[in-house]
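Asker: Okay, so here is protein.cif, and as you'll see once you scroll down, it has mmCIF, C-alpha atoms.
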data_coords
loop_
_atom_site.label_atom_id
_atom_site.label_comp_id
_atom_site.auth_asym_id
_atom_site.auth_seq_id
_atom_site.Cartn_x
_atom_site.Cartn_y
_atom_site.Cartn_z
CA MET A 1 12.40 -128.77 216.07
CA SER A 2 13.91 -129.96 219.32
CA GLU A 3 13.92 -126.67 221.18
CA MET A 4 11.15 -124.19 221.70
CA ALA A 5 11.39 -120.86 219.98
CA PRO A 6 11.25 -117.80 222.23
CA LEU A 7 7.65 -116.91 223.00
CA ASP A 8 5.76 -113.99 221.56
CA GLY A 9 8.56 -112.98 219.25
CA MET A 10 10.51 -111.52 222.17
CA PRO A 11 14.02 -110.70 221.09
CA PRO A 12 16.57 -112.92 222.84
CA MET A 13 18.17 -110.83 225.53
CA ASP A 14 21.78 -111.09 226.42
CA SER A 15 22.32 -111.24 230.16
CA ALA A 16 25.60 -109.47 229.68
CA HIS A 17 23.96 -106.42 228.13
CA GLU A 18 24.57 -103.15 229.88
CA LEU A 19 21.83 -101.86 232.13
CA GLY A 20 23.14 -98.35 231.64
CA GLU A 21 23.32 -95.60 234.22
CA LEU A 22 20.50 -96.09 236.71
CA GLU A 23 18.97 -93.24 238.61
CA VAL A 24 16.82 -93.54 241.70
CA GLY A 25 13.19 -92.94 240.80
CA THR A 26 13.46 -94.03 237.17
CA VAL A 27 10.78 -96.50 236.03
CA VAL A 28 12.73 -99.24 234.25
CA THR A 29 9.78 -101.36 233.17
CA GLU A 30 6.03 -101.64 233.54
CA ARG A 31 3.56 -104.39 232.60
CA ASP A 32 0.03 -105.68 232.99
CA VAL A 33 -0.20 -109.35 233.93
CA THR A 34 -3.50 -111.19 233.72
CA LEU A 35 -4.18 -114.09 236.08
CA THR A 36 -7.15 -116.28 235.20
CA ARG A 37 -8.51 -119.44 236.81
CA ASP A 38 -6.53 -121.31 234.15
CA SER A 39 -3.37 -119.60 235.44
CA LEU A 40 -4.11 -120.84 238.95
CA VAL A 41 -4.64 -124.43 237.85
CA ARG A 42 -1.46 -124.29 235.82
CA TYR A 43 0.49 -122.88 238.78
CA ALA A 44 -0.97 -125.48 241.12
CA GLY A 45 0.32 -128.23 238.86
CA ALA A 46 3.73 -126.64 238.29
CA SER A 47 4.36 -125.81 241.94
CA GLY A 48 2.59 -128.70 243.66
CA ASP A 49 0.46 -126.31 245.76
CA PHE A 50 -3.00 -127.87 245.48
CA ASN A 51 -4.69 -125.91 248.27
CA PRO A 52 -8.34 -125.87 247.03
CA ILE A 53 -8.84 -122.18 247.97
CA HIS A 54 -6.97 -121.56 244.71
CA TYR A 55 -9.49 -123.35 242.48
CA ARG A 56 -12.74 -124.14 244.32
CA ASP A 57 -15.30 -121.40 244.97
CA ASP A 58 -17.17 -123.52 247.52
CA VAL A 59 -14.04 -124.13 249.61
CA ALA A 60 -13.01 -120.46 249.40
CA ALA A 61 -16.49 -119.41 250.56
CA ALA A 62 -16.54 -121.98 253.36
CA VAL A 63 -13.37 -120.54 254.91
CA GLY A 64 -14.70 -116.99 254.64
CA LEU A 65 -12.73 -115.74 251.64
CA PRO A 66 -14.21 -113.23 249.18
CA GLY A 67 -13.49 -115.66 246.32
CA VAL A 68 -10.90 -117.99 244.85
CA LEU A 69 -7.46 -116.46 245.47
CA ALA A 70 -4.29 -116.50 243.41
CA HIS A 71 -1.42 -118.34 245.09
CA GLY A 72 0.75 -115.67 246.74
CA MET A 73 3.72 -117.37 245.14
CA LEU A 74 2.11 -117.05 241.70
CA THR A 75 1.64 -113.31 242.21
CA MET A 76 5.24 -113.07 243.44
CA GLY A 77 6.53 -115.19 240.55
CA ALA A 78 4.65 -113.30 237.83
CA ALA A 79 5.34 -109.82 239.23
CA VAL A 80 9.12 -110.17 238.86
CA GLN A 81 8.98 -111.17 235.18
CA PRO A 82 9.20 -107.62 233.77
CA VAL A 83 12.43 -107.16 235.76
CA VAL A 84 13.76 -110.54 234.58
CA ASP A 85 13.16 -109.50 230.98
CA TRP A 86 14.73 -106.10 231.51
CA ALA A 87 17.83 -107.19 233.45
CA GLY A 88 18.28 -110.80 232.32
CA PRO A 89 17.62 -113.71 234.67
CA SER A 90 21.25 -114.21 235.75
CA ARG A 91 21.32 -110.73 237.27
CA ILE A 92 18.58 -111.39 239.83
CA LEU A 93 20.41 -111.68 243.19
CA ASP A 94 17.65 -111.26 245.73
CA TYR A 95 13.87 -110.97 245.60
CA GLN A 96 11.52 -110.41 248.50
CA VAL A 97 7.86 -109.55 249.00
CA ARG A 98 5.30 -109.21 251.76
CA PHE A 99 1.85 -110.58 251.00
CA THR A 100 -0.37 -107.70 252.05
CA ARG A 101 -3.66 -108.22 250.20
CA PRO A 102 -5.18 -111.35 248.65
CA VAL A 103 -5.76 -111.35 244.88
CA VAL A 104 -9.29 -112.53 244.11
CA VAL A 105 -9.52 -114.18 240.68
CA ASP A 106 -12.93 -113.83 239.05
CA PRO A 107 -14.01 -116.99 237.16
CA GLU A 108 -14.79 -114.98 234.03
CA THR A 109 -12.55 -111.93 234.04
CA GLY A 110 -9.63 -113.10 236.20
CA ALA A 111 -7.50 -110.46 237.88
CA GLN A 112 -5.19 -107.93 236.34
CA LEU A 113 -1.92 -107.12 238.09
CA HIS A 114 -0.27 -103.86 237.20
CA VAL A 115 3.47 -103.99 237.83
CA VAL A 116 5.69 -100.90 237.91
CA ALA A 117 9.42 -101.37 238.54
CA THR A 118 11.32 -98.34 239.80
CA VAL A 119 14.96 -97.90 240.76
CA GLY A 120 14.96 -97.65 244.56
CA ARG A 121 18.67 -97.58 245.32
CA VAL A 122 21.90 -97.74 243.37
CA ASP A 123 25.02 -99.36 244.84
CA GLU A 124 28.44 -100.01 243.35
CA ALA A 125 27.71 -103.39 241.77
CA SER A 126 23.96 -103.75 242.23
CA ALA A 127 20.71 -101.85 242.29
CA ARG A 128 17.49 -102.31 244.19
CA ILE A 129 14.41 -102.27 242.00
CA ASP A 130 11.16 -101.61 243.85
CA LEU A 131 7.98 -103.16 242.49
CA THR A 132 4.58 -101.61 242.88
CA VAL A 133 2.02 -104.33 242.26
CA THR A 134 -1.62 -103.32 242.20
CA VAL A 135 -4.98 -104.85 241.35
CA ASP A 136 -7.76 -102.32 240.67
CA GLY A 137 -5.50 -99.62 242.07
CA LYS A 138 -4.90 -101.41 245.37
CA THR A 139 -1.44 -102.63 246.38
CA VAL A 140 -1.25 -106.41 246.81
CA LEU A 141 2.46 -106.86 247.58
CA GLY A 142 4.39 -104.84 250.15
CA LYS A 143 8.16 -104.28 250.30
CA ALA A 144 8.50 -105.97 246.90
CA GLN A 145 12.18 -105.51 246.14
CA VAL A 146 14.50 -107.07 243.59
CA VAL A 147 18.27 -106.69 243.84
CA VAL A 148 19.93 -106.92 240.44
CA ALA A 149 23.63 -107.13 239.67
CA THR A 150 24.67 -104.16 237.57
CA GLY A 151 28.29 -105.06 236.82
CA ARG A 152 29.28 -106.92 233.67
CA MET B 1 -2.08 -125.75 270.27
CA PRO B 2 0.08 -122.62 270.21
CA VAL B 3 3.45 -122.36 268.50
CA ASN B 4 6.18 -123.89 270.65
CA PRO B 5 8.18 -120.93 272.03
CA GLU B 6 11.30 -123.12 272.02
CA LEU B 7 11.03 -123.60 268.26
CA GLN B 8 13.54 -120.82 267.54
CA GLY B 9 16.87 -122.35 266.50
CA ARG B 10 15.39 -125.74 265.64
CA GLN B 11 16.93 -127.35 262.57
CA TYR B 12 15.51 -130.19 260.51
CA PRO B 13 17.49 -132.84 258.61
CA PRO B 14 18.45 -132.07 255.00
CA THR B 15 15.80 -133.13 252.49
CA ALA B 16 16.33 -135.99 250.02
CA PRO B 17 17.99 -134.82 246.79
CA TYR B 18 15.64 -133.14 244.29
CA LEU B 19 16.69 -133.49 240.65
CA VAL B 20 15.71 -130.38 238.69
CA GLY B 21 14.27 -131.50 235.36
CA ARG B 22 14.39 -129.40 232.19
CA GLU B 23 10.69 -129.84 231.51
CA LYS B 24 9.88 -128.96 235.15
CA VAL B 25 11.77 -125.70 234.73
CA ARG B 26 9.84 -124.94 231.53
CA GLU B 27 6.53 -125.91 233.13
CA PHE B 28 7.20 -123.66 236.11
CA ALA B 29 8.41 -120.83 233.86
CA ARG B 30 5.20 -120.95 231.82
CA ALA B 31 3.12 -121.03 235.01
CA VAL B 32 4.64 -117.74 236.23
CA GLN B 33 4.37 -116.27 232.71
CA ALA B 34 8.13 -116.11 232.25
CA THR B 35 9.09 -115.37 228.67
CA HIS B 36 12.85 -114.93 228.87
CA PRO B 37 14.45 -117.50 226.53
CA GLU B 38 17.04 -118.63 229.11
CA HIS B 39 14.17 -120.30 231.02
CA LEU B 40 12.79 -122.10 227.97
CA ASP B 41 15.37 -122.50 225.24
CA VAL B 42 18.45 -124.64 225.90
CA GLU B 43 20.47 -122.94 223.17
CA ALA B 44 19.72 -119.48 224.57
CA ALA B 45 20.69 -120.66 228.05
CA ARG B 46 23.94 -122.16 226.77
CA ALA B 47 24.74 -119.01 224.81
CA ALA B 48 24.46 -117.14 228.12
CA GLY B 49 26.93 -119.53 229.75
CA HIS B 50 24.58 -121.94 231.53
CA ALA B 51 24.69 -125.74 231.19
CA ASP B 52 20.92 -125.90 230.53
CA VAL B 53 17.77 -123.83 231.02
CA ILE B 54 17.75 -121.83 234.26
CA ALA B 55 14.85 -121.64 236.67
CA PRO B 56 12.87 -118.46 237.40
CA PRO B 57 13.76 -116.60 240.63
CA THR B 58 10.84 -118.06 242.61
CA PHE B 59 11.40 -121.70 241.57
CA PRO B 60 13.29 -122.48 244.83
CA ILE B 61 9.87 -122.49 246.55
CA VAL B 62 9.40 -126.00 245.10
CA ILE B 63 12.42 -127.27 247.06
CA GLN B 64 11.79 -125.04 250.07
CA GLU B 65 8.28 -126.47 250.29
CA LEU B 66 9.80 -129.86 251.17
CA THR B 67 11.39 -128.27 254.24
CA LEU B 68 8.27 -126.32 255.22
CA ARG B 69 6.44 -129.64 255.12
CA GLN B 70 8.86 -130.96 257.76
CA LEU B 71 8.05 -127.99 259.98
CA LEU B 72 4.27 -128.27 259.50
CA ASP B 73 4.32 -132.04 260.06
CA ASP B 74 6.29 -131.67 263.31
CA GLU B 75 3.59 -131.90 265.98
CA THR B 76 5.96 -130.60 268.66
CA ALA B 77 6.40 -127.35 266.66
CA GLY B 78 2.75 -126.40 267.07
CA VAL B 79 2.48 -124.70 263.66
CA ASP B 80 -1.13 -125.53 262.78
CA PHE B 81 -1.38 -125.69 258.98
CA THR B 82 -5.06 -124.76 258.98
CA ARG B 83 -4.29 -121.38 260.60
CA VAL B 84 -1.16 -120.52 258.61
CA VAL B 85 -0.98 -117.56 256.24
CA HIS B 86 2.09 -116.84 254.14
CA GLY B 87 3.41 -113.49 255.39
CA ASP B 88 6.74 -112.77 253.71
CA GLN B 89 8.95 -114.56 251.23
CA ARG B 90 12.52 -113.95 250.13
CA PHE B 91 15.04 -115.66 247.88
CA THR B 92 18.72 -114.79 248.09
CA ALA B 93 20.61 -116.40 245.24
CA ILE B 94 24.27 -117.27 244.90
CA ARG B 95 23.61 -118.52 241.36
CA PRO B 96 20.52 -119.45 239.31
CA ILE B 97 19.17 -122.99 239.58
CA VAL B 98 20.01 -124.92 236.39
CA ALA B 99 18.20 -127.96 234.98
CA GLY B 100 20.22 -130.99 236.03
CA ASP B 101 21.00 -129.61 239.50
CA GLU B 102 20.51 -132.06 242.33
CA LEU B 103 19.44 -129.97 245.30
CA THR B 104 18.92 -130.55 248.99
CA ALA B 105 17.53 -128.08 251.48
CA GLN B 106 17.88 -127.66 255.20
CA LEU B 107 15.53 -125.53 257.27
CA THR B 108 16.39 -123.63 260.44
CA VAL B 109 13.79 -121.71 262.41
CA THR B 110 15.39 -118.30 262.84
CA SER B 111 12.73 -116.45 264.77
CA VAL B 112 9.42 -116.92 266.59
CA LYS B 113 7.54 -113.79 267.60
CA SER B 114 4.09 -112.99 268.87
CA LEU B 115 2.38 -109.96 267.42
CA GLY B 116 -1.22 -108.92 267.96
CA GLY B 117 -2.37 -112.39 268.94
CA ASN B 118 -0.65 -114.03 265.99
CA ASP B 119 2.61 -115.99 265.97
CA MET B 120 5.18 -115.18 263.31
CA VAL B 121 7.52 -118.05 262.47
CA THR B 122 10.48 -117.18 260.27
CA SER B 123 12.60 -119.93 258.77
CA GLU B 124 15.57 -120.09 256.44
CA SER B 125 15.99 -122.98 254.04
CA VAL B 126 19.52 -123.24 252.70
CA ILE B 127 19.54 -124.97 249.32
CA THR B 128 22.77 -126.65 248.23
CA ASP B 129 23.84 -128.60 245.15
CA ALA B 130 25.33 -132.11 244.85
CA HIS B 131 28.82 -130.67 245.53
CA GLY B 132 27.59 -129.11 248.76
CA GLU B 133 27.83 -125.63 247.24
CA HIS B 134 25.30 -123.05 248.39
CA VAL B 135 22.87 -122.14 245.57
CA VAL B 136 20.11 -120.08 247.18
CA THR B 137 18.54 -119.35 250.56
CA ALA B 138 14.75 -119.22 250.79
CA THR B 139 13.31 -117.34 253.76
CA SER B 140 9.64 -117.45 254.74
CA THR B 141 7.61 -115.89 257.48
CA LEU B 142 4.49 -117.86 258.29
CA VAL B 143 1.79 -116.08 260.25
CA VAL B 144 -0.09 -118.46 262.51
CA ARG B 145 -3.39 -116.82 263.34
CA GLY B 146 -4.38 -116.87 266.98
CA GLU B 147 -7.27 -119.11 268.00
CA ALA B 148 -10.41 -117.00 268.15
#
Turn this file's structure into structure tokens for me.
Answerer:
Amino acid sequence: MSEMAPLDGMPPMDSAHELGELEVGTVVTERDVTLTRDSLVRYAGASGDFNPIHYRDDVAAAVGLPGVLAHGMLTMGAAVQPVVDWAGPSRILDYQVRFTRPVVVDPETGAQLHVVATVGRVDEASARIDLTVTVDGKTVLGKAQVVVATGR
Amino acid sequence: MPVNPELQGRQYPPTAPYLVGREKVREFARAVQATHPEHLDVEAARAAGHADVIAPPTFPIVIQELTLRQLLDDETAGVDFTRVVHGDQRFTAIRPIVAGDELTAQLTVTSVKSLGGNDMVTSESVITDAHGEHVVTATSTLVVRGEA
């Protein structure tokens, strides 16, 4: 087999599928995302960001952090995935976040992100999807907004 | 050393071409827990009209990072890496990045502000393909903590 099968039995999604009529306030998708220390090592390798605060407890402690932190860009990258799956990756026009609270990743239990994606604004050919991203009920990303194309 | 107040408007030379590899796209996609087949499966990507697998929305950080390195390595800029915290990040896409793209990026410092003892340095990295076509703009605000 030369190509990888889609993961987790996810049905292949057609980017040209209709998103339907969107209404402000509607939750379009929601997901829990678990980040473990393994996730951080994997992201370090994939992104090239080898800052040791993302994998060494001693370094994190030495610079006064409460623990090893997830890369902000990993949190940003993982948090948008429910919207990518819902809309299709070609529809993502713009994505922004503010890093408001560090995500501490416990060596045993990791950290669980809860992502809720809500329609924030509807324009003629696009919609703004607002992400609420929390860990233990506390928001970790501010102004997390994804603009998706809604036309065919 | 504080951030150079004359940094606003400074532009760095375009980075050397970065060839986006198919396996790099898949590796990055797995790292951000992307599951959409267009990131992983060439046939699915082609069926959707792309030449090859497409990169996740935050993949441009890999190319943008090359430009941020120019800024951090510029001693006259005064952006001290050891005091930098990533404040905001934004990607504005013209089209998705596709495996096989050869991309260069050019950074311009768009704003330098002081707020509560910290300096906020905002830069835009314009990423273009081998034909000179604009693919995506990556915008970062770095917060440089004031010296205690």
Asker: With the cut-off set at 8 Å and counting only C-alpha atoms, tabulate each residue of chain B with an atom at most that distance from an atom of chain A, showing the nearest atom pair and its distance in Å to one decimal, ordered by chain and increasing number, as a tab-separated table.
Answerer:
residue	atom	partner	partner_atom	distance
B:Lys24	CA	A:Ala46	CA	7.3
B:Glu27	CA	A:Ala46	CA	5.9
B:Phe28	CA	A:Ala46	CA	5.1
B:Ala31	CA	A:Tyr43	CA	5.0
B:Val32	CA	A:Ala78	CA	4.7
B:Gln33	CA	A:Ala78	CA	5.9
B:Ala34	CA	A:Gln81	CA	5.8
B:Thr35	CA	A:Leu7	CA	6.0
B:His36	CA	A:Asp85	CA	5.8
B:Pro37	CA	A:Pro6	CA	5.4
B:Glu38	CA	A:Pro89	CA	7.4
B:Leu40	CA	A:Met4	CA	6.8
B:Asp41	CA	A:Met4	CA	5.8
B:Val42	CA	A:Glu3	CA	6.8
B:Glu43	CA	A:Glu3	CA	7.8
B:Ala44	CA	A:Pro12	CA	7.5
B:Ala48	CA	A:Ser15	CA	6.6
B:Pro56	CA	A:Pro89	CA	7.3
B:Pro57	CA	A:Ile92	CA	7.1
B:Thr58	CA	A:Gly77	CA	5.6
B:Ile61	CA	A:Ser47	CA	7.9
B:Val62	CA	A:Ser47	CA	6.0
B:His86	CA	A:Phe99	CA	7.0
B:Gly87	CA	A:Phe99	CA	5.5
B:Asp88	CA	A:Arg98	CA	4.3
B:Gln89	CA	A:Val97	CA	5.6
B:Arg90	CA	A:Gln96	CA	4.0
B:Phe91	CA	A:Tyr95	CA	5.3
B:Thr92	CA	A:Asp94	CA	4.4
B:Ala93	CA	A:Leu93	CA	5.1
B:Ile94	CA	A:Leu93	CA	7.0
B:Arg95	CA	A:Ser90	CA	7.5
B:Pro96	CA	A:Ser90	CA	6.4
Asker: Can you write just those residues out, C-alpha atoms, as a compact mmCIF listing (two decimals), in the frame of the given file?
Answerer:
# COMPACT_ATOMS: atom_id res chain seq x y z
CA LYS B 24 9.88 -128.96 235.15
CA GLU B 27 6.53 -125.91 233.13
CA PHE B 28 7.20 -123.66 236.11
CA ALA B 31 3.12 -121.03 235.01
CA VAL B 32 4.64 -117.74 236.23
CA GLN B 33 4.37 -116.27 232.71
CA ALA B 34 8.13 -116.11 232.25
CA THR B 35 9.09 -115.37 228.67
CA HIS B 36 12.85 -114.93 228.87
CA PRO B 37 14.45 -117.50 226.53
CA GLU B 38 17.04 -118.63 229.11
CA LEU B 40 12.79 -122.10 227.97
CA ASP B 41 15.37 -122.50 225.24
CA VAL B 42 18.45 -124.64 225.90
CA GLU B 43 20.47 -122.94 223.17
CA ALA B 44 19.72 -119.48 224.57
CA ALA B 48 24.46 -117.14 228.12
CA PRO B 56 12.87 -118.46 237.40
CA PRO B 57 13.76 -116.60 240.63
CA THR B 58 10.84 -118.06 242.61
CA ILE B 61 9.87 -122.49 246.55
CA VAL B 62 9.40 -126.00 245.10
CA HIS B 86 2.09 -116.84 254.14
CA GLY B 87 3.41 -113.49 255.39
CA ASP B 88 6.74 -112.77 253.71
CA GLN B 89 8.95 -114.56 251.23
CA ARG B 90 12.52 -113.95 250.13
CA PHE B 91 15.04 -115.66 247.88
CA THR B 92 18.72 -114.79 248.09
CA ALA B 93 20.61 -116.40 245.24
CA ILE B 94 24.27 -117.27 244.90
CA ARG B 95 23.61 -118.52 241.36
CA PRO B 96 20.52 -119.45 239.31
Asker: Which protein, DNA or RNA residues are at most 12 Å from (8.0, -130.0, 253.2) in the file's coordinates when you count only C-alpha atoms, listed as a PyMOL selection string?
Answerer: (chain A and resi 48-49) or (chain B and resi 12-16+61-74+81+104-107+125)
Asker: How many Å lie between atom CA of A:Pro66 and atom CA of A:Gly110, rounded to one decimal?
Answerer: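 Pair atom CA of A:Pro66 / atom CA of A:Gly110 returns 13.8 Å.
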Asker: Rank nothing, just name the residue among B:Val121, B:Arg145, B:Leu19, B:Ile54 nearest to B:Asp101, using only C-alpha atoms.
Answerer: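 Going through B:Val121, B:Arg145, B:Leu19, B:Ile54 one by one, the smallest distance to B:Asp101 is for B:Leu19.
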Asker: Could you tell me, as a PyMOL selection string, exactly which residues end up selected when the PyMOL selection byres ((chain A and resi 53) around 12) is applied to this structure?
Answerer: (chain A and resi 37+40-41+44+49-52+54-72+102-105) or (chain B and resi 82)
Asker: Mind giving me the straight-line distance from atom CA of A:Ile129 to atom CA of B:Thr110 in Å, one decimal?
Answerer: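 The value is 26.3 Å.
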Asker: Have a look at A:Val83, A:Thr36, A:Thr132, A:Thr139 and name the one nearest to A:Glu108; count all atoms listed in the file.
Answerer: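 The answer is A:Thr36, which sits nearest to A:Glu108.
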Asker: Residues picked by the PyMOL selection byres ((chain B and resi 98) around 9) here, as a tab-separated table (two decimals) with C-alpha atoms, keeping the file's coordinate frame?
Answerer:
chain	number	residue	atom	x	y	z
B	20	VAL	CA	15.71	-130.38	238.69
B	21	GLY	CA	14.27	-131.50	235.36
B	22	ARG	CA	14.39	-129.40	232.19
B	25	VAL	CA	11.77	-125.70	234.73
B	50	HIS	CA	24.58	-121.94	231.53
B	51	ALA	CA	24.69	-125.74	231.19
B	52	ASP	CA	20.92	-125.90	230.53
B	53	VAL	CA	17.77	-123.83	231.02
B	54	ILE	CA	17.75	-121.83	234.26
B	55	ALA	CA	14.85	-121.64	236.67
B	95	ARG	CA	23.61	-118.52	241.36
B	96	PRO	CA	20.52	-119.45	239.31
B	97	ILE	CA	19.17	-122.99	239.58
B	99	ALA	CA	18.20	-127.96	234.98
B	100	GLY	CA	20.22	-130.99	236.03
B	101	ASP	CA	21.00	-129.61	239.50
Asker: To one decimal in Å, tell me the separation between atom CA of A:Ala125 and atom CA of B:Thr137.
Answerer: 20.4 Å
Asker: When the PyMOL selection byres ((chain B and resi 142) around 7) is applied to the file above, which residues end up in the set, as a count of residues only?
Answerer: 11
Asker: Need the shell around A:Gly20: protein/DNA/RNA residues with any atom at most 12 Å away, counting all atoms listed in the file. Skip same-chain ones fewer than 4 positions apart. Format as a ChimeraX atom specification?
Answerer: /A:16,26,28,86-87,122,126-127,149-152
Asker: Could you give me the axis-aligned bounding box of stretch 62-77 of chain A, with 6 Å of padding per side, as centre plus edge lengths in Å to one decimal, as lines of an AutoDock Vina configuration file?
Answerer:
center_x = -5.0
center_y = -117.5
center_z = 247.7
size_x = 35.1
size_y = 20.9
size_z = 26.4
Asker: Identify, on the basis of only C-alpha atoms, every residue whose closest approach to A:Glu30 does not exceed 9 Å; exclude the query and any residue fewer than 5 positions from it along the same chain; express the result as a PyMOL selection string.
Answerer: chain A and resi 82-83+114-118
Asker: Export stretch 76-114 of chain A from the structure block above, keeping C-alpha atoms, as a PDB file, in the first residue's frame.
Answerer:
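Printed below is result-v4.pdb as written:
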ATOM      1  CA  MET A  76      -3.019  26.603  18.153  1.00  0.00           C
ATOM      2  CA  GLY A  77      -2.449  23.854  15.580  1.00  0.00           C
ATOM      3  CA  ALA A  78      -4.468  21.198  17.405  1.00  0.00           C
ATOM      4  CA  ALA A  79      -7.332  23.515  18.394  1.00  0.00           C
ATOM      5  CA  VAL A  80      -8.269  24.268  14.777  1.00  0.00           C
ATOM      6  CA  GLN A  81      -8.532  20.605  13.741  1.00  0.00           C
ATOM      7  CA  PRO A  82     -12.239  20.199  14.588  1.00  0.00           C
ATOM      8  CA  VAL A  83     -12.964  23.146  12.261  1.00  0.00           C
ATOM      9  CA  VAL A  84     -10.715  21.695   9.541  1.00  0.00           C
ATOM     10  CA  ASP A  85     -12.649  18.430   9.720  1.00  0.00           C
ATOM     11  CA  TRP A  86     -15.993  20.201   9.692  1.00  0.00           C
ATOM     12  CA  ALA A  87     -15.305  22.700   6.893  1.00  0.00           C
ATOM     13  CA  GLY A  88     -12.567  20.968   4.890  1.00  0.00           C
ATOM     14  CA  PRO A  89      -8.991  22.246   4.887  1.00  0.00           C
ATOM     15  CA  SER A  90      -9.272  24.263   1.657  1.00  0.00           C
ATOM     16  CA  ARG A  91     -11.920  26.494   3.225  1.00  0.00           C
ATOM     17  CA  ILE A  92      -9.676  27.844   5.986  1.00  0.00           C
ATOM     18  CA  LEU A  93      -8.865  31.439   4.939  1.00  0.00           C
ATOM     19  CA  ASP A  94      -7.592  33.014   8.128  1.00  0.00           C
ATOM     20  CA  TYR A  95      -6.769  31.781  11.617  1.00  0.00           C
ATOM     21  CA  GLN A  96      -5.621  33.843  14.560  1.00  0.00           C
ATOM     22  CA  VAL A  97      -5.137  33.366  18.287  1.00  0.00           C
ATOM     23  CA  ARG A  98      -3.781  35.187  21.304  1.00  0.00           C
ATOM     24  CA  PHE A  99      -1.776  33.083  23.749  1.00  0.00           C
ATOM     25  CA  THR A 100      -3.351  34.031  27.058  1.00  0.00           C
ATOM     26  CA  ARG A 101      -2.508  31.173  29.436  1.00  0.00           C
ATOM     27  CA  PRO A 102       0.248  28.547  29.300  1.00  0.00           C
ATOM     28  CA  VAL A 103      -0.814  24.898  29.021  1.00  0.00           C
ATOM     29  CA  VAL A 104       1.044  22.813  31.603  1.00  0.00           C
ATOM     30  CA  VAL A 105       1.471  19.197  30.470  1.00  0.00           C
ATOM     31  CA  ASP A 106       1.644  16.706  33.326  1.00  0.00           C
ATOM     32  CA  PRO A 107       4.184  13.898  32.707  1.00  0.00           C
ATOM     33  CA  GLU A 108       1.588  11.236  33.515  1.00  0.00           C
ATOM     34  CA  THR A 109      -1.806  12.647  32.640  1.00  0.00           C
ATOM     35  CA  GLY A 110      -0.921  15.276  30.023  1.00  0.00           C
ATOM     36  CA  ALA A 111      -3.374  18.107  29.450  1.00  0.00           C
ATOM     37  CA  GLN A 112      -6.837  17.995  27.988  1.00  0.00           C
ATOM     38  CA  LEU A 113      -7.967  20.814  25.711  1.00  0.00           C
ATOM     39  CA  HIS A 114     -11.674  21.270  25.264  1.00  0.00           C
TER      40      HIS A 114
END
